[in-house]
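Enquirer: I'm passing along input31.pdb; it holds PDB, C-alpha atoms.
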MODEL        1
ATOM      1  CA  MET A  72      16.317  -4.831   5.695
ATOM      2  CA  LYS A  73      19.226  -6.132   3.622
ATOM      3  CA  TYR A  74      18.033  -7.781   0.406
ATOM      4  CA  TYR A  75      20.180 -10.041  -1.773
ATOM      5  CA  SER A  76      18.831 -11.213  -5.141
ATOM      6  CA  GLY A  77      20.484 -13.103  -7.987
ATOM      7  CA  THR A  78      23.823 -13.421  -6.211
ATOM      8  CA  THR A  79      25.637 -15.918  -4.023
ATOM      9  CA  ASP A  80      27.731 -13.110  -2.535
ATOM     10  CA  PHE A  81      25.854 -12.929   0.757
ATOM     11  CA  ALA A  82      26.952 -13.362   4.365
ATOM     12  CA  SER A  83      26.001 -12.405   7.904
ATOM     13  CA  ASP A  84      28.217 -10.433  10.258
ATOM     14  CA  SER A  85      26.481 -11.874  13.321
ATOM     15  CA  PRO A  86      24.754 -15.139  14.398
ATOM     16  CA  SER A  87      21.491 -15.759  12.545
ATOM     17  CA  ALA A  88      18.035 -17.231  12.876
ATOM     18  CA  VAL A  89      17.081 -18.611   9.461
ATOM     19  CA  THR A  90      13.991 -19.986   7.755
ATOM     20  CA  LEU A  91      14.275 -21.574   4.321
ATOM     21  CA  GLY A  92      11.850 -22.386   1.521
ATOM     22  CA  LYS A  93      10.331 -21.372  -1.810
ATOM     23  CA  PHE A  94       7.694 -19.294   0.003
ATOM     24  CA  ASP A  95       5.483 -19.072  -3.076
ATOM     25  CA  GLY A  96       2.401 -17.248  -1.877
ATOM     26  CA  MET A  97       3.732 -16.607   1.633
ATOM     27  CA  HIS A  98       0.563 -18.242   2.955
ATOM     28  CA  ARG A  99      -0.417 -18.801   6.586
ATOM     29  CA  GLY A 100       1.832 -21.866   6.838
ATOM     30  CA  HIS A 101       4.849 -19.796   5.785
ATOM     31  CA  GLN A 102       3.834 -17.070   8.204
ATOM     32  CA  LYS A 103       4.172 -19.523  11.111
ATOM     33  CA  LEU A 104       7.835 -19.824  10.156
ATOM     34  CA  PHE A 105       8.232 -16.066   9.843
ATOM     35  CA  GLN A 106       6.786 -15.591  13.326
ATOM     36  CA  ARG A 107       9.315 -18.022  14.807
ATOM     37  CA  ILE A 108      12.265 -16.290  13.153
ATOM     38  CA  CYS A 109      11.149 -12.745  13.887
ATOM     39  CA  SER A 110      10.714 -13.585  17.571
ATOM     40  CA  GLN A 111      14.403 -14.496  17.935
ATOM     41  CA  ALA A 112      15.897 -11.542  19.796
ATOM     42  CA  GLY A 113      19.630 -10.971  19.428
ATOM     43  CA  LEU A 114      19.968 -12.917  16.156
ATOM     44  CA  ASN A 115      20.063 -11.725  12.567
ATOM     45  CA  ARG A 116      16.543 -12.663  11.434
ATOM     46  CA  THR A 117      16.913 -14.123   7.942
ATOM     47  CA  ALA A 118      14.613 -15.502   5.241
ATOM     48  CA  PHE A 119      16.414 -17.679   2.679
ATOM     49  CA  MET A 120      14.428 -18.282  -0.536
ATOM     50  CA  ILE A 121      15.411 -20.485  -3.443
ATOM     51  CA  ALA A 122      13.100 -21.361  -6.343
ATOM     52  CA  PRO A 123      13.296 -21.528 -10.159
ATOM     53  CA  ASP A 124      12.284 -18.326 -11.974
ATOM     54  CA  GLU A 125      10.500 -19.824 -14.966
ATOM     55  CA  THR A 126       7.613 -21.543 -13.198
ATOM     56  CA  PRO A 127       4.184 -19.867 -12.834
ATOM     57  CA  CYS A 128       4.086 -18.194  -9.426
ATOM     58  CA  LEU A 129       1.593 -16.900  -6.913
ATOM     59  CA  LEU A 130       3.862 -14.033  -5.896
ATOM     60  CA  THR A 131       6.516 -12.476  -8.106
ATOM     61  CA  LYS A 132       9.928 -11.639  -6.680
ATOM     62  CA  GLU A 133       8.918  -8.012  -6.167
ATOM     63  CA  GLU A 134       5.667  -9.037  -4.464
ATOM     64  CA  LYS A 135       7.582 -11.386  -2.146
ATOM     65  CA  LYS A 136      10.007  -8.605  -1.278
ATOM     66  CA  LYS A 137       7.151  -6.238  -0.411
ATOM     67  CA  LYS A 138       5.479  -8.854   1.792
ATOM     68  CA  LEU A 139       8.708  -9.644   3.639
ATOM     69  CA  GLN A 140       9.259  -5.935   4.277
ATOM     70  CA  GLU A 141       6.067  -6.044   6.358
ATOM     71  CA  TRP A 142       7.773  -8.503   8.729
ATOM     72  CA  ASP A 143      10.700  -7.798  11.028
ATOM     73  CA  PHE A 144      13.425  -9.509   9.009
ATOM     74  CA  ASP A 145      16.954  -8.144   9.067
ATOM     75  CA  THR A 146      18.043 -10.017   5.936
ATOM     76  CA  VAL A 147      16.251 -11.570   2.952
ATOM     77  CA  ILE A 148      18.196 -13.766   0.515
ATOM     78  CA  ASP A 149      16.638 -14.620  -2.847
ATOM     79  CA  CYS A 150      19.267 -17.195  -3.768
ATOM     80  CA  PRO A 151      19.785 -17.936  -7.482
ATOM     81  CA  TYR A 152      18.622 -21.369  -8.637
ATOM     82  CA  ILE A 153      22.012 -22.426 -10.043
ATOM     83  CA  PRO A 154      24.154 -25.599 -10.077
ATOM     84  CA  GLU A 155      26.688 -24.030  -7.701
ATOM     85  CA  VAL A 156      24.036 -24.191  -4.984
ATOM     86  CA  LEU A 157      21.809 -27.050  -6.202
ATOM     87  CA  SER A 158      24.720 -29.498  -6.515
ATOM     88  CA  MET A 159      25.712 -29.240  -2.847
ATOM     89  CA  THR A 160      25.034 -32.281  -0.704
ATOM     90  CA  PRO A 161      22.743 -31.525   2.250
ATOM     91  CA  GLU A 162      25.623 -31.490   4.742
ATOM     92  CA  ILE A 163      27.829 -29.308   2.543
ATOM     93  CA  PHE A 164      24.931 -26.846   2.196
ATOM     94  CA  ILE A 165      24.598 -26.715   5.978
ATOM     95  CA  GLU A 166      28.355 -26.357   6.477
ATOM     96  CA  LYS A 167      29.126 -23.858   3.700
ATOM     97  CA  ILE A 168      25.943 -21.774   3.502
ATOM     98  CA  LEU A 169      24.062 -21.952   6.784
ATOM     99  CA  VAL A 170      27.014 -22.196   9.160
ATOM    100  CA  GLY A 171      29.864 -20.755   7.096
ATOM    101  CA  ARG A 172      28.124 -17.717   5.614
ATOM    102  CA  LEU A 173      25.083 -17.124   7.784
ATOM    103  CA  LYS A 174      26.484 -18.189  11.170
ATOM    104  CA  VAL A 175      23.200 -19.936  11.875
ATOM    105  CA  ARG A 176      22.180 -20.551  15.505
ATOM    106  CA  TYR A 177      18.465 -21.176  15.030
ATOM    107  CA  ILE A 178      16.487 -22.696  12.116
ATOM    108  CA  ALA A 179      12.742 -23.007  11.513
ATOM    109  CA  VAL A 180      11.466 -25.027   8.542
ATOM    110  CA  GLY A 181       8.275 -26.740   7.510
ATOM    111  CA  SER A 182       7.898 -30.495   7.917
ATOM    112  CA  ASP A 183       8.020 -30.954   4.100
ATOM    113  CA  PHE A 184      11.167 -28.877   3.502
ATOM    114  CA  ARG A 185      13.677 -30.402   1.031
ATOM    115  CA  PHE A 186      17.144 -29.165   0.015
ATOM    116  CA  GLY A 187      20.518 -30.167  -1.396
ATOM    117  CA  ARG A 188      21.558 -32.274  -4.369
ATOM    118  CA  GLY A 189      18.607 -34.239  -5.725
ATOM    119  CA  ARG A 190      16.489 -32.777  -2.895
ATOM    120  CA  ARG A 191      17.977 -35.470  -0.656
ATOM    121  CA  GLY A 192      18.057 -33.239   2.410
ATOM    122  CA  ASP A 193      14.976 -32.757   4.560
ATOM    123  CA  ALA A 194      13.961 -31.569   8.008
ATOM    124  CA  SER A 195      15.303 -34.736   9.606
ATOM    125  CA  SER A 196      18.716 -34.050   8.018
ATOM    126  CA  LEU A 197      18.797 -30.669   9.721
ATOM    127  CA  VAL A 198      17.716 -32.229  13.025
ATOM    128  CA  SER A 199      20.384 -34.936  12.898
ATOM    129  CA  LEU A 200      23.195 -32.417  12.316
ATOM    130  CA  GLN A 201      22.189 -29.701  14.769
ATOM    131  CA  GLU A 202      24.496 -30.888  17.557
ATOM    132  CA  LYS A 203      27.462 -31.208  15.196
ATOM    133  CA  TYR A 204      27.055 -27.703  13.794
ATOM    134  CA  GLY A 205      25.810 -25.938  16.899
ATOM    135  CA  TYR A 206      22.352 -24.719  15.963
ATOM    136  CA  HIS A 207      18.841 -25.453  17.243
ATOM    137  CA  ILE A 208      16.044 -26.368  14.848
ATOM    138  CA  ASP A 209      12.264 -26.280  15.097
ATOM    139  CA  VAL A 210      10.292 -28.278  12.539
ATOM    140  CA  ILE A 211       6.872 -26.675  12.153
ATOM    141  CA  GLU A 212       3.856 -28.757  11.232
ATOM    142  CA  LYS A 213       1.572 -27.671   8.410
ATOM    143  CA  GLU A 214      -1.195 -25.174   9.046
ATOM    144  CA  LYS A 215      -4.638 -26.485   8.066
ATOM    145  CA  TYR A 216      -7.847 -24.955   6.745
ATOM    146  CA  ASN A 217     -11.107 -26.881   6.663
ATOM    147  CA  GLY A 218      -9.192 -30.077   7.408
ATOM    148  CA  ARG A 219      -6.741 -29.700   4.500
ATOM    149  CA  GLU A 220      -3.094 -28.694   4.780
ATOM    150  CA  ILE A 221      -2.443 -25.182   3.501
ATOM    151  CA  SER A 222       0.010 -25.315   0.604
ATOM    152  CA  SER A 223       0.906 -23.296  -2.472
ATOM    153  CA  THR A 224      -0.986 -25.889  -4.534
ATOM    154  CA  TYR A 225      -4.130 -25.318  -2.461
ATOM    155  CA  VAL A 226      -3.835 -21.544  -2.943
ATOM    156  CA  LYS A 227      -3.254 -21.940  -6.708
ATOM    157  CA  GLU A 228      -6.363 -24.092  -7.015
ATOM    158  CA  ALA A 229      -8.420 -21.415  -5.270
ATOM    159  CA  VAL A 230      -7.022 -18.547  -7.370
ATOM    160  CA  GLN A 231      -7.417 -20.394 -10.669
ATOM    161  CA  ALA A 232     -11.025 -21.245  -9.765
ATOM    162  CA  GLY A 233     -11.794 -17.609  -8.939
ATOM    163  CA  GLN A 234     -12.455 -18.494  -5.300
ATOM    164  CA  MET A 235     -10.944 -15.309  -3.969
ATOM    165  CA  GLU A 236     -12.408 -15.514  -0.458
ATOM    166  CA  LEU A 237     -10.875 -18.982  -0.066
ATOM    167  CA  ALA A 238      -7.536 -17.776  -1.447
ATOM    168  CA  GLY A 239      -7.570 -14.905   1.039
ATOM    169  CA  SER A 240      -8.324 -17.265   3.936
ATOM    170  CA  LEU A 241      -5.380 -19.482   2.981
ATOM    171  CA  LEU A 242      -2.978 -16.590   2.446
ATOM    172  CA  GLY A 243      -4.060 -14.481   5.387
ATOM    173  CA  PHE A 244      -4.475 -11.520   2.996
ATOM    174  CA  PRO A 245      -6.367 -10.931  -0.292
ATOM    175  CA  TYR A 246      -4.590 -12.196  -3.413
ATOM    176  CA  PRO A 247      -2.414  -9.363  -4.842
ATOM    177  CA  VAL A 248      -1.294  -8.292  -8.301
ATOM    178  CA  LEU A 249       1.470  -5.678  -8.324
ATOM    179  CA  GLY A 250       2.418  -3.582 -11.312
ATOM    180  CA  GLU A 251       3.085  -0.200 -12.852
ATOM    181  CA  VAL A 252       0.077   1.824 -13.992
ATOM    182  CA  MET A 253       0.226   1.954 -17.791
ATOM    183  CA  HIS A 254      -1.564   4.049 -20.398
ATOM    184  CA  GLY A 255      -4.538   2.157 -21.845
ATOM    185  CA  ARG A 256      -6.957   2.996 -24.657
ATOM    186  CA  GLN A 257      -8.758   5.581 -22.526
ATOM    187  CA  LEU A 258     -12.028   3.703 -23.180
ATOM    188  CA  GLY A 259     -13.130   3.885 -19.549
ATOM    189  CA  ARG A 260     -12.560   7.640 -19.513
ATOM    190  CA  ARG A 261     -14.613   8.071 -22.701
ATOM    191  CA  LEU A 262     -17.421   6.078 -21.087
ATOM    192  CA  GLY A 263     -17.306   8.266 -17.980
ATOM    193  CA  MET A 264     -15.540   5.637 -15.852
ATOM    194  CA  PRO A 265     -11.754   6.274 -15.862
ATOM    195  CA  THR A 266      -9.666   3.239 -14.975
ATOM    196  CA  ILE A 267      -6.054   2.263 -14.243
ATOM    197  CA  ASN A 268      -4.332  -0.491 -16.231
ATOM    198  CA  LEU A 269      -1.674  -2.933 -15.044
ATOM    199  CA  VAL A 270       0.185  -5.449 -17.209
ATOM    200  CA  PRO A 271       1.204  -8.246 -14.792
ATOM    201  CA  ASP A 272       4.433 -10.220 -14.885
ATOM    202  CA  GLN A 273       3.983 -13.038 -17.429
ATOM    203  CA  ARG A 274       4.836 -15.626 -14.744
ATOM    204  CA  LYS A 275       2.112 -14.372 -12.414
ATOM    205  CA  ILE A 276      -0.870 -16.667 -11.836
ATOM    206  CA  LEU A 277      -4.029 -14.645 -12.418
ATOM    207  CA  PRO A 278      -7.606 -15.487 -11.464
ATOM    208  CA  PRO A 279      -9.931 -16.392 -14.357
ATOM    209  CA  SER A 280     -10.913 -13.652 -16.787
ATOM    210  CA  GLY A 281     -13.816 -11.718 -15.370
ATOM    211  CA  VAL A 282     -14.920  -8.935 -13.048
ATOM    212  CA  TYR A 283     -13.874  -8.730  -9.390
ATOM    213  CA  PHE A 284     -14.369  -6.470  -6.401
ATOM    214  CA  THR A 285     -10.946  -5.334  -5.259
ATOM    215  CA  ARG A 286      -8.971  -2.946  -3.092
ATOM    216  CA  VAL A 287      -6.058  -1.073  -4.643
ATOM    217  CA  ARG A 288      -3.072   0.146  -2.666
ATOM    218  CA  THR A 289      -1.017   3.029  -4.053
ATOM    219  CA  GLY A 290       1.356   5.537  -2.564
ATOM    220  CA  ASP A 291      -1.705   7.709  -1.895
ATOM    221  CA  GLY A 292      -3.555   5.114   0.193
ATOM    222  CA  THR A 293      -5.933   2.187  -0.273
ATOM    223  CA  PHE A 294      -9.052   2.499  -2.435
ATOM    224  CA  LYS A 295     -12.050   0.306  -3.263
ATOM    225  CA  GLY A 296     -12.491  -0.742  -6.863
ATOM    226  CA  VAL A 297     -13.961  -2.985  -9.532
ATOM    227  CA  THR A 298     -11.403  -4.863 -11.632
ATOM    228  CA  ASN A 299     -11.604  -6.612 -14.981
ATOM    229  CA  VAL A 300      -9.083  -9.360 -15.741
ATOM    230  CA  GLY A 301      -8.970 -10.312 -19.397
ATOM    231  CA  TYR A 302      -8.577  -9.322 -23.025
ATOM    232  CA  LYS A 303     -11.478  -6.795 -23.386
ATOM    233  CA  PRO A 304     -13.281  -8.777 -26.120
ATOM    234  CA  THR A 305     -15.819  -6.012 -26.828
ATOM    235  CA  VAL A 306     -13.045  -3.699 -28.020
ATOM    236  CA  ASP A 307     -10.881  -6.419 -29.617
ATOM    237  CA  GLY A 308      -8.283  -6.539 -26.863
ATOM    238  CA  SER A 309      -5.014  -8.274 -27.714
ATOM    239  CA  PHE A 310      -3.222  -8.646 -24.362
ATOM    240  CA  LEU A 311      -4.132  -9.940 -20.925
ATOM    241  CA  GLY A 312      -4.476  -7.032 -18.554
ATOM    242  CA  VAL A 313      -5.806  -5.972 -15.168
ATOM    243  CA  GLU A 314      -8.028  -2.881 -15.440
ATOM    244  CA  THR A 315      -9.551  -1.246 -12.366
ATOM    245  CA  TYR A 316     -12.102   1.481 -11.723
ATOM    246  CA  LEU A 317     -11.432   3.184  -8.377
ATOM    247  CA  TYR A 318     -14.355   4.620  -6.470
ATOM    248  CA  ASP A 319     -14.119   8.323  -5.653
ATOM    249  CA  PHE A 320     -10.612   8.698  -7.063
ATOM    250  CA  ASN A 321      -9.467  11.136  -9.765
ATOM    251  CA  GLU A 322      -5.687  11.349  -9.305
ATOM    252  CA  ASP A 323      -3.128  10.618 -12.039
ATOM    253  CA  LEU A 324      -1.317   7.341 -11.288
ATOM    254  CA  TYR A 325       0.435   6.793 -14.636
ATOM    255  CA  GLY A 326       3.934   5.442 -14.128
ATOM    256  CA  LYS A 327       3.331   4.761 -10.441
ATOM    257  CA  GLU A 328       3.166   1.409  -8.680
ATOM    258  CA  ALA A 329      -0.167  -0.040  -7.599
ATOM    259  CA  GLU A 330      -1.167  -3.295  -5.941
ATOM    260  CA  VAL A 331      -4.612  -4.780  -6.659
ATOM    261  CA  TYR A 332      -6.040  -7.088  -3.973
ATOM    262  CA  PHE A 333      -8.770  -9.453  -5.204
ATOM    263  CA  GLU A 334     -11.601  -9.950  -2.707
ATOM    264  CA  HIS A 335     -14.641 -11.289  -4.595
ATOM    265  CA  TYR A 336     -15.514 -12.733  -8.024
ATOM    266  CA  ARG A 337     -18.446 -10.893  -9.643
ATOM    267  CA  ARG A 338     -18.967 -12.427 -13.107
ATOM    268  CA  PRO A 339     -17.126 -13.874 -16.132
ATOM    269  CA  GLU A 340     -15.741 -11.664 -18.881
ATOM    270  CA  GLN A 341     -18.297 -11.075 -21.635
ATOM    271  CA  LYS A 342     -18.415  -9.765 -25.187
ATOM    272  CA  PHE A 343     -21.182  -7.205 -25.617
ATOM    273  CA  SER A 344     -23.021  -6.200 -28.786
ATOM    274  CA  ASP A 345     -21.779  -2.593 -28.592
ATOM    275  CA  LEU A 346     -20.165  -0.072 -26.265
ATOM    276  CA  GLU A 347     -23.526   1.096 -24.927
ATOM    277  CA  ALA A 348     -24.313  -2.435 -23.721
ATOM    278  CA  LEU A 349     -20.848  -2.614 -22.151
ATOM    279  CA  LYS A 350     -21.388   0.733 -20.407
ATOM    280  CA  THR A 351     -24.730  -0.420 -19.013
ATOM    281  CA  GLN A 352     -23.154  -3.565 -17.562
ATOM    282  CA  MET A 353     -20.233  -1.606 -16.131
ATOM    283  CA  PHE A 354     -22.641   0.656 -14.219
ATOM    284  CA  ARG A 355     -24.353  -2.471 -12.850
ATOM    285  CA  ASP A 356     -20.997  -3.831 -11.718
ATOM    286  CA  LEU A 357     -20.107  -0.555 -10.014
ATOM    287  CA  ALA A 358     -23.441  -0.505  -8.186
ATOM    288  CA  ALA A 359     -22.937  -4.118  -7.069
ATOM    289  CA  GLY A 360     -19.447  -3.216  -5.874
ATOM    290  CA  ARG A 361     -20.724  -0.385  -3.712
ATOM    291  CA  GLU A 362     -23.200  -2.800  -2.161
ATOM    292  CA  PHE A 363     -20.465  -5.382  -1.561
ATOM    293  CA  PHE A 364     -18.165  -2.902   0.174
ATOM    294  CA  ALA A 365     -21.024  -1.417   2.185
TER     295      ALA A 365
ENDMDL
END
Please express what this file holds, its structure, as structure tokens.

Expert:
Amino acid sequence: MKYYSGTTDFASDSPSAVTLGKFDGMHRGHQKLFQRICSQAGLNRTAFMIAPDETPCLLTKEEKKKKLQEWDFDTVIDCPYIPEVLSMTPEIFIEKILVGRLKVRYIAVGSDFRFGRGRRGDASSLVSLQEKYGYHIDVIEKEKYNGREISSTYVKEAVQAGQMELAGSLLGFPYPVLGEVMHGRQLGRRLGMPTINLVPDQRKILPPSGVYFTRVRTGDGTFKGVTNVGYKPTVDGSFLGVETYLYDFNEDLYGKEAEVYFEHYRRPEQKFSDLEALKTQMFRDLAAGREFFA
């Protein structure tokens, strides 16, 4: 898979099938678009993403890249959010980018897709110009869950409320947090429960502080775990972290990449009277986690 990020120096050597959007979350609605593109035999299957960097996000750029690698895309373009691109009128964007650089022959977008200067372009703009520019377009209606349209806003609401089962149903996969395993204070090891620590991207939307049942994917496989999101108030924590105990796992993961998938909210973060009280509660959480996974 060719991956372009932070540059407008991209092009296709052959005719393309393209889907466009922010794709924050890559939820089940987005996956309908991916399926359409990846079923186009004989075309360069392309995902074109454009979104501002500074906004809170469901998936970071690296998480999006990893998810797209699981599909059958030939090319992924993470286009920079810059005036050079944003100032184009809808038709100029079609002519210069989609036709001129990507040689587009097929497009799939959601019914709410907007593009071009002032977001004046929409799905109907693409439909009206398909004959002129020689491509075919499919406009895909929104996927729904429990009668409500699946959207990034819907997923964010679920994550921020700690409703991890709902978030997973909307996404089609448990909510992930990707990061490098960092050295912590070794408190879990001293208490007989060694843990791994991730410091998430500051733009990443996290579920509420508390304890969760999770699965953790590393280069060594996927493992069940219990994760704390928060500031560790009992030991005067000063930064927001994601700390996970892995069942039946004793390998050294420091410096390696791990992805924590949140499956179920257990309880809110608490401040305990002393470390012994914290240890007692941690053993209760681990026992509850074994029951959950069983």

Enquirer: Using only C-alpha atoms, pick whichever of A:Val147, A:Val270, A:Ala179, A:Met353 has the shortest atom-to-atom distance to Gly100 (chain A).

Expert: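 Nearest candidate to Gly100 (chain A) out of A:Val147, A:Val270, A:Ala179, A:Met353: A:Ala179.
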
Enquirer: Taking the file as I've supplied it (selection: the PyMOL selection byres ((chain A and resi 317) around 6)), which residues are included? Please answer as an mmCIF file with C-alpha atoms, keeping the file's coordinate frame.

Expert:
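Just written: result.cif:
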data_model
loop_
_atom_site.group_PDB
_atom_site.id
_atom_site.type_symbol
_atom_site.label_atom_id
_atom_site.label_comp_id
_atom_site.auth_asym_id
_atom_site.auth_seq_id
_atom_site.Cartn_x
_atom_site.Cartn_y
_atom_site.Cartn_z
ATOM 1 C CA LYS A 295 -12.050 0.306 -3.263
ATOM 2 C CA GLY A 296 -12.491 -0.742 -6.863
ATOM 3 C CA TYR A 316 -12.102 1.481 -11.723
ATOM 4 C CA TYR A 318 -14.355 4.620 -6.470
ATOM 5 C CA PHE A 320 -10.612 8.698 -7.063
#

Enquirer: With a distance cut-off of 12 Å and all atoms listed in the file, select the neighbouring residues of region 156-165 of chain A, excluding the residue or stretch itself and same-chain residues fewer than 3 positions from it, and output the selection as a PyMOL selection string.

Expert: chain A and resi 78-80+89+91+121-123+150-153+168-176+178+184-201+203-206

Enquirer: Since we have the selection now, will you write its residues out, keeping C-alpha atoms, as a PDB file, in the frame of the given file?

Expert:
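For reference, selection.pdb as written:
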ATOM      1  CA  THR A  78      23.823 -13.421  -6.211  1.00  0.00           C
ATOM      2  CA  THR A  79      25.637 -15.918  -4.023  1.00  0.00           C
ATOM      3  CA  ASP A  80      27.731 -13.110  -2.535  1.00  0.00           C
ATOM      4  CA  VAL A  89      17.081 -18.611   9.461  1.00  0.00           C
ATOM      5  CA  LEU A  91      14.275 -21.574   4.321  1.00  0.00           C
ATOM      6  CA  ILE A 121      15.411 -20.485  -3.443  1.00  0.00           C
ATOM      7  CA  ALA A 122      13.100 -21.361  -6.343  1.00  0.00           C
ATOM      8  CA  PRO A 123      13.296 -21.528 -10.159  1.00  0.00           C
ATOM      9  CA  CYS A 150      19.267 -17.195  -3.768  1.00  0.00           C
ATOM     10  CA  PRO A 151      19.785 -17.936  -7.482  1.00  0.00           C
ATOM     11  CA  TYR A 152      18.622 -21.369  -8.637  1.00  0.00           C
ATOM     12  CA  ILE A 153      22.012 -22.426 -10.043  1.00  0.00           C
ATOM     13  CA  ILE A 168      25.943 -21.774   3.502  1.00  0.00           C
ATOM     14  CA  LEU A 169      24.062 -21.952   6.784  1.00  0.00           C
ATOM     15  CA  VAL A 170      27.014 -22.196   9.160  1.00  0.00           C
ATOM     16  CA  GLY A 171      29.864 -20.755   7.096  1.00  0.00           C
ATOM     17  CA  ARG A 172      28.124 -17.717   5.614  1.00  0.00           C
ATOM     18  CA  LEU A 173      25.083 -17.124   7.784  1.00  0.00           C
ATOM     19  CA  LYS A 174      26.484 -18.189  11.170  1.00  0.00           C
ATOM     20  CA  VAL A 175      23.200 -19.936  11.875  1.00  0.00           C
ATOM     21  CA  ARG A 176      22.180 -20.551  15.505  1.00  0.00           C
ATOM     22  CA  ILE A 178      16.487 -22.696  12.116  1.00  0.00           C
ATOM     23  CA  PHE A 184      11.167 -28.877   3.502  1.00  0.00           C
ATOM     24  CA  ARG A 185      13.677 -30.402   1.031  1.00  0.00           C
ATOM     25  CA  PHE A 186      17.144 -29.165   0.015  1.00  0.00           C
ATOM     26  CA  GLY A 187      20.518 -30.167  -1.396  1.00  0.00           C
ATOM     27  CA  ARG A 188      21.558 -32.274  -4.369  1.00  0.00           C
ATOM     28  CA  GLY A 189      18.607 -34.239  -5.725  1.00  0.00           C
ATOM     29  CA  ARG A 190      16.489 -32.777  -2.895  1.00  0.00           C
ATOM     30  CA  ARG A 191      17.977 -35.470  -0.656  1.00  0.00           C
ATOM     31  CA  GLY A 192      18.057 -33.239   2.410  1.00  0.00           C
ATOM     32  CA  ASP A 193      14.976 -32.757   4.560  1.00  0.00           C
ATOM     33  CA  ALA A 194      13.961 -31.569   8.008  1.00  0.00           C
ATOM     34  CA  SER A 195      15.303 -34.736   9.606  1.00  0.00           C
ATOM     35  CA  SER A 196      18.716 -34.050   8.018  1.00  0.00           C
ATOM     36  CA  LEU A 197      18.797 -30.669   9.721  1.00  0.00           C
ATOM     37  CA  VAL A 198      17.716 -32.229  13.025  1.00  0.00           C
ATOM     38  CA  SER A 199      20.384 -34.936  12.898  1.00  0.00           C
ATOM     39  CA  LEU A 200      23.195 -32.417  12.316  1.00  0.00           C
ATOM     40  CA  GLN A 201      22.189 -29.701  14.769  1.00  0.00           C
ATOM     41  CA  LYS A 203      27.462 -31.208  15.196  1.00  0.00           C
ATOM     42  CA  TYR A 204      27.055 -27.703  13.794  1.00  0.00           C
ATOM     43  CA  GLY A 205      25.810 -25.938  16.899  1.00  0.00           C
ATOM     44  CA  TYR A 206      22.352 -24.719  15.963  1.00  0.00           C
TER      45      TYR A 206
END

Enquirer: Quick one, how far is CA of Gly233 (chain A) from CA of His335 (chain A)?

Expert: 8.2 Å

Enquirer: When you count all atoms listed in the file, which of these residues is closest to Lys137 (chain A): A:Phe105, A:Tyr74, A:Phe294, A:Phe354?

Expert: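 With all atoms listed in the file as the atom set, the closest residue is A:Tyr74.
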
Enquirer: Work out how far CA of Val313 (chain A) is from CA of Ile267 (chain A), in Å to one decimal.

Expert: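 Straight-line distance from CA of Ile267 (chain A) to CA of Val313 (chain A) works out to 8.3 Å.
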
Enquirer: Tell me, in Å to one decimal, how far CA of Asp143 (chain A) is from CA of Ser223 (chain A).

Expert: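 CA of Ser223 (chain A) lies 22.8 Å from CA of Asp143 (chain A).
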
Enquirer: Missing atoms in region 84-92 of chain A: can you complete it with N, CA, C and O atoms, as a compact mmCIF listing (two decimals), keeping the file's coordinate frame?

Expert:
# COMPACT_ATOMS: atom_id res chain seq x y z
N ASP A 84 27.15 -10.86 9.36
CA ASP A 84 28.22 -10.43 10.26
C ASP A 84 28.00 -10.92 11.69
O ASP A 84 28.90 -10.81 12.52
N SER A 85 26.81 -11.45 11.96
CA SER A 85 26.48 -11.87 13.32
C SER A 85 25.67 -13.16 13.27
O SER A 85 25.13 -13.54 12.22
N PRO A 86 25.54 -13.90 14.38
CA PRO A 86 24.75 -15.14 14.40
C PRO A 86 23.31 -14.91 13.92
O PRO A 86 22.71 -13.87 14.20
N SER A 87 22.78 -15.92 13.22
CA SER A 87 21.49 -15.76 12.54
C SER A 87 20.45 -16.78 12.98
O SER A 87 20.77 -17.90 13.38
N ALA A 88 19.19 -16.34 12.85
CA ALA A 88 18.04 -17.23 12.88
C ALA A 88 17.51 -17.28 11.45
O ALA A 88 17.27 -16.23 10.84
N VAL A 89 17.35 -18.48 10.89
CA VAL A 89 17.08 -18.61 9.46
C VAL A 89 15.88 -19.52 9.22
O VAL A 89 15.75 -20.58 9.83
N THR A 90 15.00 -19.09 8.30
CA THR A 90 13.99 -19.99 7.76
C THR A 90 14.25 -20.11 6.27
O THR A 90 14.71 -19.15 5.62
N LEU A 91 13.96 -21.29 5.72
CA LEU A 91 14.28 -21.57 4.32
C LEU A 91 13.06 -22.14 3.61
O LEU A 91 12.27 -22.89 4.21
N GLY A 92 12.93 -21.82 2.31
CA GLY A 92 11.85 -22.39 1.52
C GLY A 92 11.65 -21.62 0.22
O GLY A 92 12.32 -20.61 -0.04
